[in-house]
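Peer 1: A single structure is presented below for examination.
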Amino acid sequence: TNRLLLTCILALAALSTAFVVQPATRGVGADTCISSTSHRTTSSALFAKKKKKKANKKEKKGGFEWASSFVLQPYEAQAVRDLASTAVACFKARAGNHLLPELESTPDVPKTLWNAPNTACVIVQQDDADAGVIGTKVMYANVAALETVGLQPIDFQQLFSTGAPPSSQKDETDDDGDDDEKEEVNKSVAATTTMQLNLPPTMKGDKKFERGYSKKVLKQNNSDDDDSNNDITIMNAYRWDVEKSIILNGKFVTSPIGVAYAWSEWMIGDSLLCQPGGIQDVVGDLEDLEAIEDKIAQQGAVIRDLKENQGLKNKNPLVV
């Protein structure tokens, strides 16, 4: 009986072992399948992510295209702002009063000068001889000055530049051989300046300030069969030296920058008198123009006498 019982126990144990091993074998297969499936799924997911990243990658702009979309306005570029502020300060030091009444209380001198409604202002300096061009280089012109030579405010780069676009400040990780592109950008900026003005970049002798200055600043290119005179002449202008103070060897010295010009009227040809804001008046022939100039000069002399010799201020009724 004991032997039979032992035999039965061993038989049951054998059956139990067979039952447990078989699911374990299936489990190994299942795990292998799951692992393989998981590997394929992970690989597919990684591949999908890579494709998505590639699809969403923005097309990179070339150096010239990037730089050409970057244009600072004259009242935004720091170098031009400093130049305009220096010219205004030099005028006050020379003349004893502000170039514009608005400049007396404005918090933004460069922008106020840029938008001056009744006064044109230009700053010029001697061109660099090393650049291959000898003559006058326009460094600044406000809206009224651009109107004088027939340009819109957005066309200021035809007369002067606010500086090369900041292509040299691109991310250093951009190493697509952009040295040539930067050089091309700088050349293109220089090439946009297509107009030159006939304004002396220096003042002779010890003269630092002058009133009643008239000068033909732009000669228009008329056709061969057109005898009309459309040259532009500024009338009764101010002009003054623009200088900045620097420390040299422990001493303050003045360094010349250029010459500034300001005017409120100009002639187109011999008979069309113009003022900022599109104001035009036909004055007749050259004799009428000379008579106007004489009248303006006489009035200027009277005002100078009232202010300089009699000590009257700008707001005095006799001066106004």
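As shown in the structure tokens, the chain order sets the letters A, B, ...; within each chain, residues go from 1, and ligands are also counted from 1 in the order they appear.
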Which residues are close to A:Gln152, i.e. within 9 Å by only C-alpha atoms, leaving aside same-chain residues fewer than 5 positions away? Reply as a ChimeraX atom specification.
Peer 2: /A:143,146-147
Peer 1: Please provide as a ChimeraX atom specification all residues within 12 Å of A:Asn142, with the sequence filter that same-chain residues fewer than 6 positions apart are discarded (counting only C-alpha atoms).
Peer 2: /A:73-75,80-81,84,110-123,148-149,151-157,159-160,260-263,276
Peer 1: Once you have the residues from the selection above, write them out as a CSV table (one decimal), in the first residue's frame, restricted to N, CA, C and O atoms.
Peer 2:
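Wrote result_6.csv, looks like this:
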chain,number,residue,atom,x,y,z
A,73,GLN,N,16.6,102.8,-39.6
A,73,GLN,CA,16.2,104.1,-40.0
A,73,GLN,C,17.3,105.1,-39.4
A,73,GLN,O,17.9,104.8,-38.4
A,74,PRO,N,17.4,106.3,-40.0
A,74,PRO,CA,18.4,107.2,-39.5
A,74,PRO,C,18.3,107.6,-38.1
A,74,PRO,O,19.3,107.9,-37.4
A,75,TYR,N,17.1,107.6,-37.6
A,75,TYR,CA,16.9,108.0,-36.2
A,75,TYR,C,17.0,106.8,-35.2
A,75,TYR,O,16.8,106.9,-34.0
A,80,VAL,N,24.4,107.3,-36.4
A,80,VAL,CA,23.7,108.5,-37.1
A,80,VAL,C,23.0,109.3,-36.0
A,80,VAL,O,23.0,110.6,-36.1
A,81,ARG,N,22.5,108.7,-35.0
A,81,ARG,CA,21.9,109.5,-33.9
A,81,ARG,C,22.9,110.4,-33.2
A,81,ARG,O,22.6,111.5,-32.9
A,84,ALA,N,23.8,113.3,-35.5
A,84,ALA,CA,22.7,114.4,-35.5
A,84,ALA,C,22.7,115.2,-34.2
A,84,ALA,O,22.6,116.4,-34.2
A,110,PRO,N,17.5,113.3,-32.1
A,110,PRO,CA,17.7,112.8,-33.5
A,110,PRO,C,16.4,112.6,-34.2
A,110,PRO,O,16.2,112.9,-35.4
A,111,LYS,N,15.4,112.1,-33.5
A,111,LYS,CA,14.1,111.8,-34.2
A,111,LYS,C,13.4,113.2,-34.5
A,111,LYS,O,12.7,113.3,-35.5
A,112,THR,N,13.5,114.1,-33.6
A,112,THR,CA,12.9,115.4,-33.8
A,112,THR,C,13.5,116.1,-35.0
A,112,THR,O,12.8,116.7,-35.9
A,113,LEU,N,14.8,116.0,-35.1
A,113,LEU,CA,15.5,116.6,-36.3
A,113,LEU,C,15.1,115.9,-37.6
A,113,LEU,O,14.9,116.5,-38.6
A,114,TRP,N,15.0,114.6,-37.5
A,114,TRP,CA,14.6,113.8,-38.7
A,114,TRP,C,13.2,114.3,-39.2
A,114,TRP,O,13.0,114.4,-40.4
A,115,ASN,N,12.3,114.5,-38.3
A,115,ASN,CA,10.9,114.8,-38.7
A,115,ASN,C,10.7,116.3,-38.7
A,115,ASN,O,9.5,116.8,-38.8
A,116,ALA,N,11.7,117.2,-38.7
A,116,ALA,CA,11.5,118.6,-38.6
A,116,ALA,C,10.6,119.1,-39.8
A,116,ALA,O,11.0,118.8,-41.0
A,117,PRO,N,9.5,119.7,-39.5
A,117,PRO,CA,8.6,120.0,-40.6
A,117,PRO,C,9.0,121.2,-41.5
A,117,PRO,O,8.6,121.2,-42.7
A,118,ASN,N,9.8,122.1,-41.0
A,118,ASN,CA,10.1,123.3,-41.8
A,118,ASN,C,11.6,123.5,-42.1
A,118,ASN,O,12.0,124.5,-42.7
A,119,THR,N,12.5,122.6,-41.7
A,119,THR,CA,13.9,122.8,-41.8
A,119,THR,C,14.6,121.5,-42.4
A,119,THR,O,14.4,120.4,-41.8
A,120,ALA,N,15.3,121.7,-43.4
A,120,ALA,CA,16.1,120.6,-44.0
A,120,ALA,C,17.5,120.7,-43.4
A,120,ALA,O,18.0,121.8,-43.1
A,121,CYS,N,18.1,119.5,-43.1
A,121,CYS,CA,19.4,119.5,-42.5
A,121,CYS,C,20.2,118.3,-43.2
A,121,CYS,O,19.7,117.2,-43.4
A,122,VAL,N,21.4,118.7,-43.6
A,122,VAL,CA,22.4,117.7,-44.2
A,122,VAL,C,23.7,117.8,-43.5
A,122,VAL,O,24.1,119.0,-43.2
A,123,ILE,N,24.4,116.7,-43.3
A,123,ILE,CA,25.7,116.7,-42.7
A,123,ILE,C,26.6,116.0,-43.7
A,123,ILE,O,26.3,114.9,-44.1
A,148,THR,N,14.0,118.0,-50.7
A,148,THR,CA,14.7,119.0,-51.5
A,148,THR,C,15.3,118.3,-52.8
A,148,THR,O,15.2,118.9,-53.8
A,149,VAL,N,15.8,117.1,-52.7
A,149,VAL,CA,16.5,116.5,-53.8
A,149,VAL,C,15.5,115.5,-54.5
A,149,VAL,O,16.0,114.6,-55.3
A,151,LEU,N,13.6,113.0,-53.1
A,151,LEU,CA,13.5,111.6,-52.5
A,151,LEU,C,12.4,111.5,-51.4
A,151,LEU,O,12.2,112.5,-50.7
A,152,GLN,N,11.9,110.3,-51.3
A,152,GLN,CA,11.0,110.0,-50.2
A,152,GLN,C,11.8,109.6,-49.0
A,152,GLN,O,12.9,109.1,-49.2
A,153,PRO,N,11.2,109.6,-47.8
A,153,PRO,CA,12.0,109.2,-46.6
A,153,PRO,C,12.5,107.8,-46.7
A,153,PRO,O,13.6,107.4,-46.3
A,154,ILE,N,11.7,106.9,-47.4
A,154,ILE,CA,12.2,105.5,-47.5
A,154,ILE,C,13.3,105.3,-48.4
A,154,ILE,O,13.9,104.2,-48.5
A,155,ASP,N,13.6,106.4,-49.2
A,155,ASP,CA,14.7,106.3,-50.2
A,155,ASP,C,16.0,106.9,-49.7
A,155,ASP,O,16.9,107.2,-50.5
A,156,PHE,N,16.1,107.1,-48.4
A,156,PHE,CA,17.3,107.8,-47.9
A,156,PHE,C,18.6,107.1,-48.2
A,156,PHE,O,19.6,107.8,-48.3
A,157,GLN,N,18.6,105.8,-48.5
A,157,GLN,CA,19.9,105.1,-48.8
A,157,GLN,C,20.4,105.5,-50.1
A,157,GLN,O,21.6,105.1,-50.4
A,159,LEU,N,21.0,108.5,-50.8
A,159,LEU,CA,21.8,109.6,-50.5
A,159,LEU,C,22.9,109.3,-49.5
A,159,LEU,O,24.0,109.8,-49.5
A,160,PHE,N,22.5,108.5,-48.5
A,160,PHE,CA,23.5,108.1,-47.4
A,160,PHE,C,23.1,106.8,-46.8
A,160,PHE,O,21.9,106.3,-47.0
A,260,ALA,N,27.7,120.9,-41.4
A,260,ALA,CA,26.3,120.7,-41.4
A,260,ALA,C,25.7,121.9,-42.1
A,260,ALA,O,26.2,123.0,-42.1
A,261,TYR,N,24.6,121.7,-42.9
A,261,TYR,CA,23.8,122.7,-43.6
A,261,TYR,C,22.4,122.6,-43.2
A,261,TYR,O,21.8,121.5,-43.1
A,262,ALA,N,21.7,123.7,-43.1
A,262,ALA,CA,20.3,123.7,-42.8
A,262,ALA,C,19.6,124.9,-43.5
A,262,ALA,O,20.2,126.0,-43.6
A,263,TRP,N,18.5,124.6,-44.1
A,263,TRP,CA,17.8,125.6,-44.9
A,263,TRP,C,16.2,125.3,-44.9
A,263,TRP,O,15.8,124.2,-44.5
A,276,PRO,N,9.6,123.0,-47.5
A,276,PRO,CA,9.2,121.7,-47.0
A,276,PRO,C,7.7,121.5,-46.9
A,276,PRO,O,7.0,122.5,-46.6
Peer 1: Taking the chain letters and numbering used in this document, name the residues of stretch 117-156 of chain A that DSSP puts in strand (DSSP E or B), as a list of chain:residue names.
Peer 2: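 Going through stretch 117-156 of chain A, the strand (DSSP E or B) residues come out as A:Ala120, A:Cys121, A:Val122, A:Ile123, A:Val124, A:Gln125, A:Gln126, A:Thr136, A:Lys137, A:Val138, A:Met139, A:Tyr140, A:Ala141.
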Peer 1: Give me the residues within 10 Å of A:Ala77 as a PyMOL selection string, counting only C-alpha atoms and dropping any in the same chain fewer than 6 places off.
Peer 2: chain A and resi 71+110+161-163
Peer 1: Just want the 6 Å neighbourhood of stretch 245-258 of chain A, counted on only C-alpha atoms, with same-chain residues fewer than 6 positions away dropped. Output as a list in words.
Peer 2: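 Within the cut-off, the hits are Val124, Gln125 and Pro201 of chain A.
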Peer 1: Please, what distance in Å, to one decimal, runs between atom CA of A:Met267 and atom CA of A:Ile234?
Peer 2: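 Between atom CA of A:Met267 and atom CA of A:Ile234 the gap works out to 6.4 Å.
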Peer 1: Which one is closest to A:Asp241: A:Leu197, A:Ala87, A:Leu100, A:Cys274? Count only C-alpha atoms.
Peer 2: A:Ala87
Peer 1: Using only C-alpha atoms, which of A:Leu218, A:Gln299, A:Asn309, A:Tyr213 sits nearest A:Ala145?
Peer 2: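 Going through A:Leu218, A:Gln299, A:Asn309, A:Tyr213 one by one, the smallest distance to A:Ala145 is for A:Leu218.
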